[in-house]
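> Okay, so here is final24.json, and as you'll see once you scroll down, it has JSON, C-alpha atoms and all ligand atoms.
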```
[["chain", "number", "residue", "atom", "x", "y", "z"],
["N", 19, "MET", "CA", -36.73, -12.17, -18.01],
["N", 20, "PRO", "CA", -35.61, -14.52, -20.80],
["N", 21, "GLU", "CA", -33.46, -17.40, -19.63],
["N", 22, "HIS", "CA", -30.48, -16.38, -21.77],
["N", 23, "ARG", "CA", -30.18, -13.09, -19.85],
["N", 24, "GLY", "CA", -28.57, -15.14, -17.12],
["N", 25, "LEU", "CA", -25.66, -16.28, -19.28],
["N", 26, "ARG", "CA", -22.24, -14.88, -18.45],
["N", 27, "ILE", "CA", -18.97, -15.39, -20.27],
["N", 28, "GLY", "CA", -15.67, -15.46, -18.43],
["N", 29, "PHE", "CA", -12.08, -15.43, -19.71],
["N", 30, "ASP", "CA", -9.08, -16.37, -17.62],
["N", 31, "VAL", "CA", -5.86, -15.17, -19.22],
["N", 32, "GLY", "CA", -2.91, -17.11, -17.86],
["N", 33, "GLY", "CA", 0.74, -17.30, -18.79],
["N", 34, "THR", "CA", 0.29, -20.61, -20.61],
["N", 35, "LYS", "CA", -3.40, -20.79, -21.50],
["N", 36, "ILE", "CA", -6.51, -18.70, -22.01],
["N", 37, "ALA", "CA", -9.68, -20.33, -20.68],
["N", 38, "ILE", "CA", -13.24, -19.34, -21.54],
["N", 39, "CYS", "CA", -16.50, -20.47, -19.98],
["N", 40, "VAL", "CA", -20.19, -19.71, -20.31],
["N", 41, "LEU", "CA", -22.08, -19.94, -17.02],
["N", 42, "ASP", "CA", -25.86, -20.13, -16.78],
["N", 43, "ALA", "CA", -27.96, -18.26, -14.24],
["N", 44, "THR", "CA", -27.34, -20.95, -11.63],
["N", 45, "ASP", "CA", -23.55, -20.89, -12.17],
["N", 46, "ASN", "CA", -23.40, -24.17, -14.05],
["N", 47, "TYR", "CA", -21.14, -24.57, -17.05],
["N", 48, "VAL", "CA", -22.83, -24.34, -20.43],
["N", 49, "PHE", "CA", -19.54, -24.27, -22.32],
["N", 50, "LYS", "CA", -15.87, -24.37, -21.43],
["N", 51, "THR", "CA", -12.67, -24.62, -23.43],
["N", 52, "GLU", "CA", -9.15, -23.19, -23.58],
["N", 53, "ALA", "CA", -6.29, -22.37, -25.94],
["N", 54, "ALA", "CA", -2.57, -21.75, -25.56],
["N", 55, "THR", "CA", -1.60, -18.16, -24.74],
["N", 56, "PRO", "CA", 0.44, -16.72, -27.62],
["N", 57, "ARG", "CA", 3.95, -15.85, -26.47],
["N", 58, "ASN", "CA", 4.89, -12.17, -26.49],
["N", 59, "ASP", "CA", 2.41, -11.29, -29.22],
["N", 60, "TYR", "CA", -0.40, -8.94, -28.22],
["N", 61, "PRO", "CA", -2.26, -8.97, -31.58],
["N", 62, "ALA", "CA", -2.17, -12.79, -31.49],
["N", 63, "PHE", "CA", -3.56, -12.69, -27.94],
["N", 64, "LEU", "CA", -6.53, -10.61, -29.14],
["N", 65, "GLU", "CA", -7.03, -13.00, -32.08],
["N", 66, "THR", "CA", -7.00, -16.02, -29.79],
["N", 67, "ALA", "CA", -9.53, -14.40, -27.44],
["N", 68, "SER", "CA", -11.78, -13.61, -30.43],
["N", 69, "MET", "CA", -11.48, -17.18, -31.69],
["N", 70, "LEU", "CA", -12.47, -18.56, -28.27],
["N", 71, "LEU", "CA", -15.44, -16.21, -28.09],
["N", 72, "ALA", "CA", -16.57, -17.29, -31.57],
["N", 73, "GLN", "CA", -16.36, -20.93, -30.44],
["N", 74, "ALA", "CA", -18.50, -20.17, -27.39],
["N", 75, "ARG", "CA", -21.08, -18.28, -29.41],
["N", 76, "THR", "CA", -21.26, -21.08, -31.99],
["N", 77, "ALA", "CA", -21.70, -23.73, -29.32],
["N", 78, "VAL", "CA", -24.19, -21.63, -27.32],
["N", 79, "PRO", "CA", -26.02, -19.26, -29.72],
["N", 80, "LYS", "CA", -27.83, -17.55, -26.83],
["N", 81, "ALA", "CA", -24.43, -16.50, -25.47],
["N", 82, "ARG", "CA", -24.38, -13.72, -28.09],
["N", 83, "ASP", "CA", -26.23, -11.65, -25.49],
["N", 84, "ALA", "CA", -24.04, -12.73, -22.58],
["N", 85, "THR", "CA", -21.92, -10.30, -20.58],
["N", 86, "ILE", "CA", -18.14, -10.78, -20.74],
["N", 87, "GLY", "CA", -15.60, -10.52, -17.93],
["N", 88, "ALA", "CA", -11.89, -11.28, -18.07],
["N", 89, "GLY", "CA", -9.31, -12.04, -15.42],
["N", 90, "ILE", "CA", -5.62, -11.28, -15.96],
["N", 91, "PRO", "CA", -2.50, -11.99, -13.92],
["N", 92, "GLY", "CA", -1.65, -8.32, -13.36],
["N", 93, "GLU", "CA", -2.83, -4.92, -12.27],
["N", 94, "ILE", "CA", -4.80, -2.24, -14.11],
["N", 95, "ASP", "CA", -3.47, 1.29, -13.81],
["N", 96, "VAL", "CA", -6.10, 3.48, -12.22],
["N", 97, "ASP", "CA", -5.30, 6.50, -14.45],
["N", 98, "SER", "CA", -4.49, 5.03, -17.87],
["N", 99, "ASN", "CA", -6.51, 1.78, -17.57],
["N", 100, "THR", "CA", -3.48, -0.02, -19.01],
["N", 101, "VAL", "CA", -2.17, -3.29, -17.63],
["N", 102, "LYS", "CA", 1.00, -3.35, -15.55],
["N", 103, "ASN", "CA", 2.91, -5.93, -13.54],
["N", 104, "ALA", "CA", 1.49, -8.82, -15.58],
["N", 105, "ASN", "CA", 3.49, -12.02, -15.91],
["N", 106, "SER", "CA", 1.88, -12.35, -19.37],
["N", 107, "THR", "CA", 4.18, -9.57, -20.44],
["N", 108, "CYS", "CA", 2.60, -8.86, -23.84],
["N", 109, "LEU", "CA", -0.38, -7.38, -21.98],
["N", 110, "ILE", "CA", 1.74, -4.74, -20.23],
["N", 111, "GLY", "CA", 1.10, -1.18, -21.37],
["N", 112, "ASN", "CA", -2.08, -2.07, -23.25],
["N", 113, "ASP", "CA", -5.64, -1.06, -22.45],
["N", 114, "VAL", "CA", -6.75, -4.69, -22.55],
["N", 115, "GLU", "CA", -10.26, -3.87, -21.41],
["N", 116, "ALA", "CA", -10.81, -1.42, -24.30],
["N", 117, "ASP", "CA", -9.08, -3.65, -26.88],
["N", 118, "LEU", "CA", -11.11, -6.72, -25.93],
["N", 119, "ALA", "CA", -14.29, -4.61, -26.01],
["N", 120, "ARG", "CA", -13.35, -3.43, -29.52],
["N", 121, "VAL", "CA", -12.68, -6.89, -30.94],
["N", 122, "PHE", "CA", -15.68, -8.43, -29.14],
["N", 123, "GLY", "CA", -18.04, -5.61, -30.08],
["N", 124, "GLN", "CA", -19.37, -5.17, -26.53],
["N", 125, "PRO", "CA", -18.21, -3.92, -23.13],
["N", 126, "VAL", "CA", -15.80, -6.08, -21.13],
["N", 127, "ARG", "CA", -14.97, -5.96, -17.43],
["N", 128, "LEU", "CA", -11.41, -6.70, -16.47],
["N", 129, "ALA", "CA", -10.01, -7.61, -13.06],
["N", 130, "ASN", "CA", -6.94, -9.35, -11.74],
["N", 131, "ASP", "CA", -6.98, -13.07, -11.09],
["N", 132, "ALA", "CA", -7.15, -12.83, -7.29],
["N", 133, "GLN", "CA", -10.17, -10.54, -7.52],
["N", 134, "CYS", "CA", -11.73, -13.12, -9.85],
["N", 135, "LEU", "CA", -10.96, -15.88, -7.33],
["N", 136, "ILE", "CA", -12.87, -14.15, -4.57],
["N", 137, "ALA", "CA", -15.66, -13.09, -6.98],
["N", 138, "SER", "CA", -16.18, -16.76, -7.69],
["N", 139, "GLU", "CA", -15.88, -18.01, -4.13],
["N", 140, "VAL", "CA", -18.36, -15.62, -2.54],
["N", 141, "HIS", "CA", -21.18, -16.86, -4.76],
["N", 142, "VAL", "CA", -21.25, -20.60, -4.78],
["N", 143, "GLY", "CA", -17.89, -21.30, -3.25],
["N", 144, "ALA", "CA", -15.90, -21.48, -0.05],
["N", 145, "ALA", "CA", -16.74, -17.90, 1.05],
["N", 146, "LYS", "CA", -20.48, -18.07, 0.43],
["N", 147, "ASP", "CA", -22.42, -15.83, 2.83],
["N", 148, "ALA", "CA", -19.27, -14.21, 4.29],
["N", 149, "ALA", "CA", -19.70, -10.48, 4.90],
["N", 150, "VAL", "CA", -15.96, -9.84, 4.55],
["N", 151, "ALA", "CA", -13.85, -12.27, 2.54],
["N", 152, "PHE", "CA", -10.19, -12.26, 1.52],
["N", 153, "GLY", "CA", -8.96, -14.44, -1.33],
["N", 154, "VAL", "CA", -5.32, -15.42, -1.68],
["N", 155, "ILE", "CA", -3.59, -16.99, -4.65],
["N", 156, "LEU", "CA", -0.42, -18.85, -3.71],
["N", 157, "GLY", "CA", 0.81, -19.96, -7.12],
["N", 158, "THR", "CA", 3.48, -18.83, -9.53],
["N", 159, "GLY", "CA", 2.86, -15.44, -7.99],
["N", 160, "VAL", "CA", 1.04, -14.25, -4.89],
["N", 161, "GLY", "CA", -2.07, -12.10, -5.08],
["N", 162, "GLY", "CA", -5.06, -11.17, -2.99],
["N", 163, "GLY", "CA", -8.58, -9.89, -3.46],
["N", 164, "VAL", "CA", -11.39, -8.64, -1.24],
["N", 165, "ALA", "CA", -15.15, -9.15, -1.34],
["N", 166, "LEU", "CA", -17.63, -7.27, 0.84],
["N", 167, "ASN", "CA", -21.20, -8.46, 1.30],
["N", 168, "GLY", "CA", -20.94, -10.83, -1.63],
["N", 169, "GLU", "CA", -19.36, -8.43, -4.12],
["N", 170, "PRO", "CA", -15.72, -7.99, -5.13],
["N", 171, "TRP", "CA", -14.30, -4.77, -3.72],
["N", 172, "ARG", "CA", -11.58, -3.37, -5.95],
["N", 173, "GLY", "CA", -10.88, -0.17, -4.03],
["N", 174, "LYS", "CA", -9.99, 3.40, -4.91],
["N", 175, "ASN", "CA", -6.65, 2.42, -6.47],
["N", 176, "ARG", "CA", -8.00, -0.94, -7.77],
["N", 177, "LEU", "CA", -5.55, -2.61, -5.43],
["N", 178, "ALA", "CA", -7.73, -3.81, -2.57],
["N", 179, "GLY", "CA", -6.22, -7.00, -1.22],
["N", 180, "GLU", "CA", -3.18, -6.92, -3.48],
["N", 181, "TRP", "CA", -0.58, -7.41, -0.77],
["N", 182, "GLY", "CA", 1.78, -9.79, -2.61],
["N", 183, "HIS", "CA", 4.17, -6.95, -3.41],
["N", 184, "ASN", "CA", 4.09, -5.33, -0.01],
["N", 185, "PRO", "CA", 7.27, -6.01, 1.96],
["N", 186, "PHE", "CA", 7.32, -9.27, 3.88],
["N", 187, "PRO", "CA", 6.83, -8.30, 7.54],
["N", 188, "SER", "CA", 10.02, -8.67, 9.48],
["N", 189, "ARG", "CA", 10.95, -8.25, 13.12],
["N", 190, "ASP", "CA", 14.36, -7.16, 14.28],
["N", 191, "GLY", "CA", 15.38, -6.20, 10.74],
["N", 192, "GLU", "CA", 15.51, -9.79, 9.45],
["N", 193, "ILE", "CA", 15.14, -9.91, 5.64],
["N", 194, "ILE", "CA", 13.61, -13.20, 4.49],
["N", 195, "GLY", "CA", 12.51, -12.34, 0.96],
["N", 196, "SER", "CA", 14.61, -11.95, -2.15],
["N", 197, "PRO", "CA", 14.75, -9.61, -5.18],
["N", 198, "CYS", "CA", 11.40, -9.59, -6.98],
["N", 199, "TYR", "CA", 10.60, -9.27, -10.68],
["N", 200, "CYS", "CA", 8.73, -6.05, -9.83],
["N", 201, "GLY", "CA", 12.08, -4.38, -9.14],
["N", 202, "ARG", "CA", 11.90, -4.31, -5.37],
["N", 203, "ASN", "CA", 13.28, -6.54, -2.67],
["N", 204, "ASN", "CA", 11.63, -8.65, 0.02],
["N", 205, "CYS", "CA", 8.12, -8.76, -1.52],
["N", 206, "ILE", "CA", 5.69, -11.16, 0.16],
["N", 207, "GLU", "CA", 5.51, -12.98, -3.18],
["N", 208, "THR", "CA", 9.19, -13.91, -3.00],
["N", 209, "VAL", "CA", 8.53, -15.73, 0.29],
["N", 210, "LEU", "CA", 5.12, -17.30, -0.30],
["N", 211, "SER", "CA", 4.86, -18.23, -3.99],
["N", 212, "GLY", "CA", 4.91, -21.88, -5.06],
["N", 213, "PRO", "CA", 8.41, -21.45, -6.56],
["N", 214, "ALA", "CA", 9.56, -19.92, -3.24],
["N", 215, "LEU", "CA", 8.40, -23.03, -1.36],
["N", 216, "VAL", "CA", 10.15, -25.26, -3.92],
["N", 217, "ALA", "CA", 13.32, -23.16, -3.55],
["N", 218, "ALA", "CA", 13.17, -23.43, 0.26],
["N", 219, "TYR", "CA", 13.07, -27.21, -0.02],
["N", 220, "ARG", "CA", 15.93, -27.14, -2.52],
["N", 221, "ASP", "CA", 18.01, -25.03, -0.11],
["N", 222, "ALA", "CA", 17.23, -27.40, 2.77],
["N", 223, "THR", "CA", 18.31, -30.45, 0.78],
["N", 224, "ALA", "CA", 21.40, -28.99, -0.88],
["N", 225, "GLY", "CA", 19.95, -28.84, -4.35],
["N", 226, "GLU", "CA", 17.22, -31.51, -4.71],
["N", 227, "ASN", "CA", 14.97, -30.24, -7.46],
["N", 228, "THR", "CA", 11.64, -31.42, -6.03],
["N", 229, "GLN", "CA", 8.35, -29.91, -7.15],
["N", 230, "LEU", "CA", 5.26, -29.06, -5.11],
["N", 231, "PRO", "CA", 3.31, -32.33, -5.56],
["N", 232, "GLU", "CA", 6.30, -34.38, -4.38],
["N", 233, "ILE", "CA", 6.90, -32.07, -1.42],
["N", 234, "GLU", "CA", 3.21, -32.42, -0.53],
["N", 235, "ALA", "CA", 3.49, -36.22, -0.73],
["N", 236, "MET", "CA", 6.61, -36.24, 1.46],
["N", 237, "VAL", "CA", 4.86, -34.09, 4.07],
["N", 238, "ALA", "CA", 1.97, -36.57, 4.10],
["N", 239, "ASP", "CA", 4.50, -39.41, 4.58],
["N", 240, "GLY", "CA", 6.11, -37.61, 7.53],
["N", 241, "ASP", "CA", 9.42, -36.72, 5.86],
["N", 242, "PRO", "CA", 11.15, -34.56, 8.50],
["N", 243, "VAL", "CA", 12.88, -32.15, 6.09],
["N", 244, "ALA", "CA", 9.75, -31.56, 4.03],
["N", 245, "ARG", "CA", 7.80, -31.10, 7.28],
["N", 246, "ALA", "CA", 10.27, -28.53, 8.59],
["N", 247, "VAL", "CA", 10.29, -26.59, 5.31],
["N", 248, "LEU", "CA", 6.51, -26.54, 5.20],
["N", 249, "SER", "CA", 6.21, -25.54, 8.88],
["N", 250, "GLU", "CA", 8.44, -22.55, 8.27],
["N", 251, "TYR", "CA", 6.45, -21.66, 5.14],
["N", 252, "ILE", "CA", 3.17, -21.82, 7.08],
["N", 253, "ASP", "CA", 4.65, -19.60, 9.78],
["N", 254, "HIS", "CA", 5.67, -17.06, 7.12],
["N", 255, "LEU", "CA", 2.17, -17.25, 5.62],
["N", 256, "GLY", "CA", 0.70, -16.68, 9.07],
["N", 257, "ASN", "CA", 2.96, -13.68, 9.51],
["N", 258, "ALA", "CA", 1.86, -12.12, 6.19],
["N", 259, "LEU", "CA", -1.83, -12.86, 6.82],
["N", 260, "ALA", "CA", -1.68, -11.39, 10.34],
["N", 261, "SER", "CA", -1.23, -8.03, 8.58],
["N", 262, "VAL", "CA", -4.43, -8.67, 6.63],
["N", 263, "ILE", "CA", -6.24, -9.51, 9.88],
["N", 264, "GLY", "CA", -4.90, -6.29, 11.37],
["N", 265, "VAL", "CA", -6.45, -4.20, 8.58],
["N", 266, "LEU", "CA", -9.43, -6.08, 7.20],
["N", 267, "ASP", "CA", -10.15, -8.78, 9.83],
["N", 268, "PRO", "CA", -12.15, -10.90, 7.37],
["N", 269, "ASP", "CA", -14.68, -13.59, 8.27],
["N", 270, "VAL", "CA", -13.01, -16.00, 5.89],
["N", 271, "ILE", "CA", -9.73, -16.34, 4.02],
["N", 272, "VAL", "CA", -9.95, -18.46, 0.86],
["N", 273, "ILE", "CA", -6.71, -19.92, -0.47],
["N", 274, "GLY", "CA", -6.21, -20.82, -4.13],
["N", 275, "GLY", "CA", -3.24, -21.53, -6.38],
["N", 276, "GLY", "CA", -0.92, -24.54, -6.49],
["N", 277, "VAL", "CA", 0.07, -24.36, -2.80],
["N", 278, "SER", "CA", -3.59, -24.52, -1.72],
["N", 279, "SER", "CA", -3.72, -28.29, -2.23],
["N", 280, "ILE", "CA", -1.42, -28.91, 0.78],
["N", 281, "ALA", "CA", -3.89, -30.10, 3.41],
["N", 282, "SER", "CA", -1.87, -29.34, 6.54],
["N", 283, "ILE", "CA", -1.98, -25.61, 5.80],
["N", 284, "TYR", "CA", -5.60, -25.48, 6.91],
["N", 285, "ARG", "CA", -4.88, -27.28, 10.19],
["N", 286, "GLU", "CA", -1.83, -25.26, 11.16],
["N", 287, "LEU", "CA", -2.38, -21.80, 9.73],
["N", 288, "PRO", "CA", -4.87, -20.38, 12.27],
["N", 289, "GLU", "CA", -2.40, -20.94, 15.10],
["N", 290, "ARG", "CA", 0.46, -19.43, 13.08],
["N", 291, "ILE", "CA", -1.62, -16.38, 12.19],
["N", 292, "ALA", "CA", -2.52, -15.98, 15.86],
["N", 293, "ALA", "CA", 1.17, -16.10, 16.82],
["N", 294, "HIS", "CA", 1.76, -12.99, 14.71],
["N", 295, "MET", "CA", -1.46, -11.13, 15.57],
["N", 296, "PHE", "CA", -1.45, -8.17, 17.91],
["N", 297, "HIS", "CA", -1.35, -9.24, 21.50],
["N", 298, "SER", "CA", -0.15, -7.89, 24.77],
["N", 299, "GLY", "CA", 1.84, -10.92, 25.82],
["N", 300, "VAL", "CA", -0.63, -11.49, 28.65],
["N", 301, "SER", "CA", -3.40, -13.34, 26.84],
["N", 302, "GLN", "CA", -2.92, -15.85, 24.03],
["N", 303, "PRO", "CA", -4.57, -14.53, 20.84],
["N", 304, "ARG", "CA", -6.81, -16.80, 18.79],
["N", 305, "CYS", "CA", -7.52, -16.46, 15.08],
["N", 306, "THR", "CA", -11.25, -16.99, 14.59],
["N", 307, "THR", "CA", -11.17, -16.27, 10.84],
["N", 308, "ARG", "CA", -12.09, -19.38, 8.84],
["N", 309, "ILE", "CA", -9.22, -20.53, 6.61],
["N", 310, "VAL", "CA", -10.52, -22.57, 3.67],
["N", 311, "LYS", "CA", -9.40, -23.97, 0.36],
["N", 312, "SER", "CA", -10.98, -22.50, -2.76],
["N", 313, "LYS", "CA", -13.87, -24.61, -3.93],
["N", 314, "TRP", "CA", -13.22, -24.15, -7.62],
["N", 315, "GLY", "CA", -9.44, -24.48, -7.68],
["N", 316, "PRO", "CA", -7.98, -23.63, -11.11],
["N", 317, "ASP", "CA", -11.49, -22.82, -12.39],
["N", 318, "SER", "CA", -12.05, -20.02, -9.87],
["N", 319, "GLY", "CA", -10.43, -17.49, -12.23],
["N", 320, "VAL", "CA", -12.63, -18.14, -15.23],
["N", 321, "ARG", "CA", -15.77, -18.50, -13.09],
["N", 322, "GLY", "CA", -15.04, -15.30, -11.19],
["N", 323, "ALA", "CA", -14.38, -13.43, -14.45],
["N", 324, "ALA", "CA", -17.83, -14.43, -15.65],
["N", 325, "ARG", "CA", -19.20, -13.18, -12.35],
["N", 326, "LEU", "CA", -17.73, -9.68, -12.76],
["N", 327, "TRP", "CA", -21.08, -8.83, -14.28],
["N", 328, "PRO", "CA", -23.21, -7.47, -12.74],
["N", 329, "LEU", "CA", -21.41, -7.65, -9.45],
["N", 330, "VAL", "CA", -18.51, -5.23, -9.77],
["N", 331, "ARG", "CA", -19.40, -1.58, -9.46],
["N", 332, "ILE", "CA", -16.95, 0.30, -11.66],
["S", 1, "ZN", "ZN", 7.42, -7.54, -5.99]]
```
Since I need it in another form, could you write the structure as structure tokens?

Amino acid sequence: MPEHRGLRIGFDVGGTKIAICVLDATDNYVFKTEAATPRNDYPAFLETASMLLAQARTAVPKARDATIGAGIPGEIDVDSNTVKNANSTCLIGNDVEADLARVFGQPVRLANDAQCLIASEVHVGAAKDAAVAFGVILGTGVGGGVALNGEPWRGKNRLAGEWGHNPFPSRDGEIIGSPCYCGRNNCIETVLSGPALVAAYRDATAGENTQLPEIEAMVADGDPVARAVLSEYIDHLGNALASVIGVLDPDVIVIGGGVSSIASIYRELPERIAAHMFHSGVSQPRCTTRIVKSKWGPDSGVRGAARLWPLVRI
């Protein structure tokens, strides 16, 4: 097989930028660049994607034969194939997969960003060799994706793992979440997103507008308020992930997104998951699922998109 058959192109469409990469057969970068995402302009989005592809093909002529995958921050309707619930709103209602295929002149595989995260991490990442893996993005939004035996598993409704807009699990009727952009209340995303953690700190400090990196630094320095806010957040995360354990019981949970850089999550989360797992009250449950940080961080989306070929069975 010619060497160039192993080239794969990935796009990661974000709210602020569109990234493209070309990976070789051993998952090393051959080319990588990015451009600003046009605001509220779908034709301009398609033009920008075409321009990035032309750049990649100019820099790597053999990439003309490469497969193309794309990750988007939203869902793909199982009947119409159109995008919905995307925070890049110009994509909503469009058959992005078909339109990209038309402007690129070849088939394109589309998946959401959390599915791309886990597609990347099961190959040469934090979930390598896991039979059952769950990927979580804790960023501007909250998403999840599943991989089984090394391949992303999208599911019958293309929603496997997408639990960010399920209701946050409550006991005794306590509502912790808030109204969500999706039109419902109490979504997991409204409790566990990066902005939700920032808002929790703001509430605890009567209005201090402190962002994630500073909160992380204060936790490391032992700041008691930051510690308390983060402890509660980790308990909420454990609560939401205990539902995942109850259904999927994965070997590994990979965490990506801006919140994933907070080191104490990995120390404290297994115990907090266990506290919310099914138990009789007689024996103390233990969470044996490995909880790990994504290896590729912000690059997991574009790398996983490239890896949608030939791994996703559509
Ligand atoms: Zn929602």
> Ligand ZN 1 (chain S): which residues are within 8 Å, counting all atoms listed in the file, as a ChimeraX atom specification?
/N:182-184,197-208
> Quick one: residues within 7 Å of Asn257 (chain N), only C-alpha atoms, excluding same-chain residues fewer than 6 positions away - as a PDB file with C-alpha atoms, keeping the file's coordinate frame?

```pdb
ATOM      1  CA  PRO N 187       6.830  -8.300   7.540  1.00  0.00           C
ATOM      2  CA  ILE N 291      -1.620 -16.380  12.190  1.00  0.00           C
ATOM      3  CA  HIS N 294       1.760 -12.990  14.710  1.00  0.00           C
TER       4      HIS N 294
END
```
> Mind pulling up the distance from CA of Asp239 (chain N) to CA of Ala260 (chain N)?
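According to the coordinates, CA of Ala260 (chain N) and CA of Asp239 (chain N) are separated by 29.3 Å.
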> By how many Å are CA of Ile27 (chain N) and CA of Glu115 (chain N) apart?
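Calculated distance between CA of Ile27 (chain N) and CA of Glu115 (chain N) is 14.5 Å.
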> Could you tell me how far CA of Glu65 (chain N) lies from CA of Gly274 (chain N), in Å and to one decimal?
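So the two atoms, CA of Glu65 (chain N) and CA of Gly274 (chain N), lie 29.0 Å apart.
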> Name the residues within 12 Å of (-3.7, -13.6, 0.1), counting all atoms listed in the file in the file's coordinates, and put them as an MDAnalysis selection string.
chainID N and resid 131:133 135:136 151:157 159:164 178:184 206:207 210:211 255:263 266 268 270:275 277:278 309:312
> So, with only C-alpha atoms as the atoms that count, which of N:Leu118, N:Leu71, N:Ala62, N:Ala324 lies closest to Asp42 (chain N)?
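The answer is N:Ala324, which sits nearest to Asp42 (chain N).
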> Each residue of region 158-243 of chain N with at least one atom at most 10 Å from region 139-145 of chain N should appear once, together with its nearest atom pair and the corresponding distance in Å (one decimal); atoms considered: all atoms listed in the file; ordering: chain, then increasing residue number; output as a Markdown table.

```
| residue | atom | partner | partner_atom | distance |
| --- | --- | --- | --- | --- |
| N:Val164 | CA | N:Val140 | CA | 9.9 |
| N:Ala165 | CA | N:Val140 | CA | 7.3 |
| N:Leu166 | CA | N:Val140 | CA | 9.0 |
| N:Asn167 | CA | N:Val140 | CA | 8.6 |
| N:Gly168 | CA | N:Val140 | CA | 5.5 |
| N:Glu169 | CA | N:Val140 | CA | 7.4 |
| N:Pro170 | CA | N:Val140 | CA | 8.5 |
```
> Using all atoms listed in the file, find the one residue out of N:Leu41, N:Ile283, N:Val243, N:Ala292 that sits nearest to Ser138 (chain N).
N:Leu41
> Which one of N:Ala54, N:Val121, N:Arg26, N:Asn130 sits closest to Lys102 (chain N) if you count only C-alpha atoms?
N:Asn130
> List as a PyMOL selection string the protein and nucleic acid residues near region 81-85 of chain N, meaning an atom at most 10 Å away when only C-alpha atoms are counted, but skip any in the same chain fewer than 4 places from it.
chain N and resi 22-28+40-42+48-49+71-72+74-77+124-127+324-328
> Leaving out Asn103 (chain N) and any residue of its chain fewer than 3 positions from it, which residues lie within 9 Å of it when counting all atoms listed in the file, given as a ChimeraX atom specification?
/N:91-94,106-107,110,199-200
> Let me make sure I understand: among N:Gly212, N:Ser68, N:Phe29, N:Ile280, which one has the smallest atom-to-atom distance to Lys50 (chain N) if we use all atoms listed in the file?
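Using all atoms listed in the file, Lys50 (chain N) sits closest to N:Phe29.
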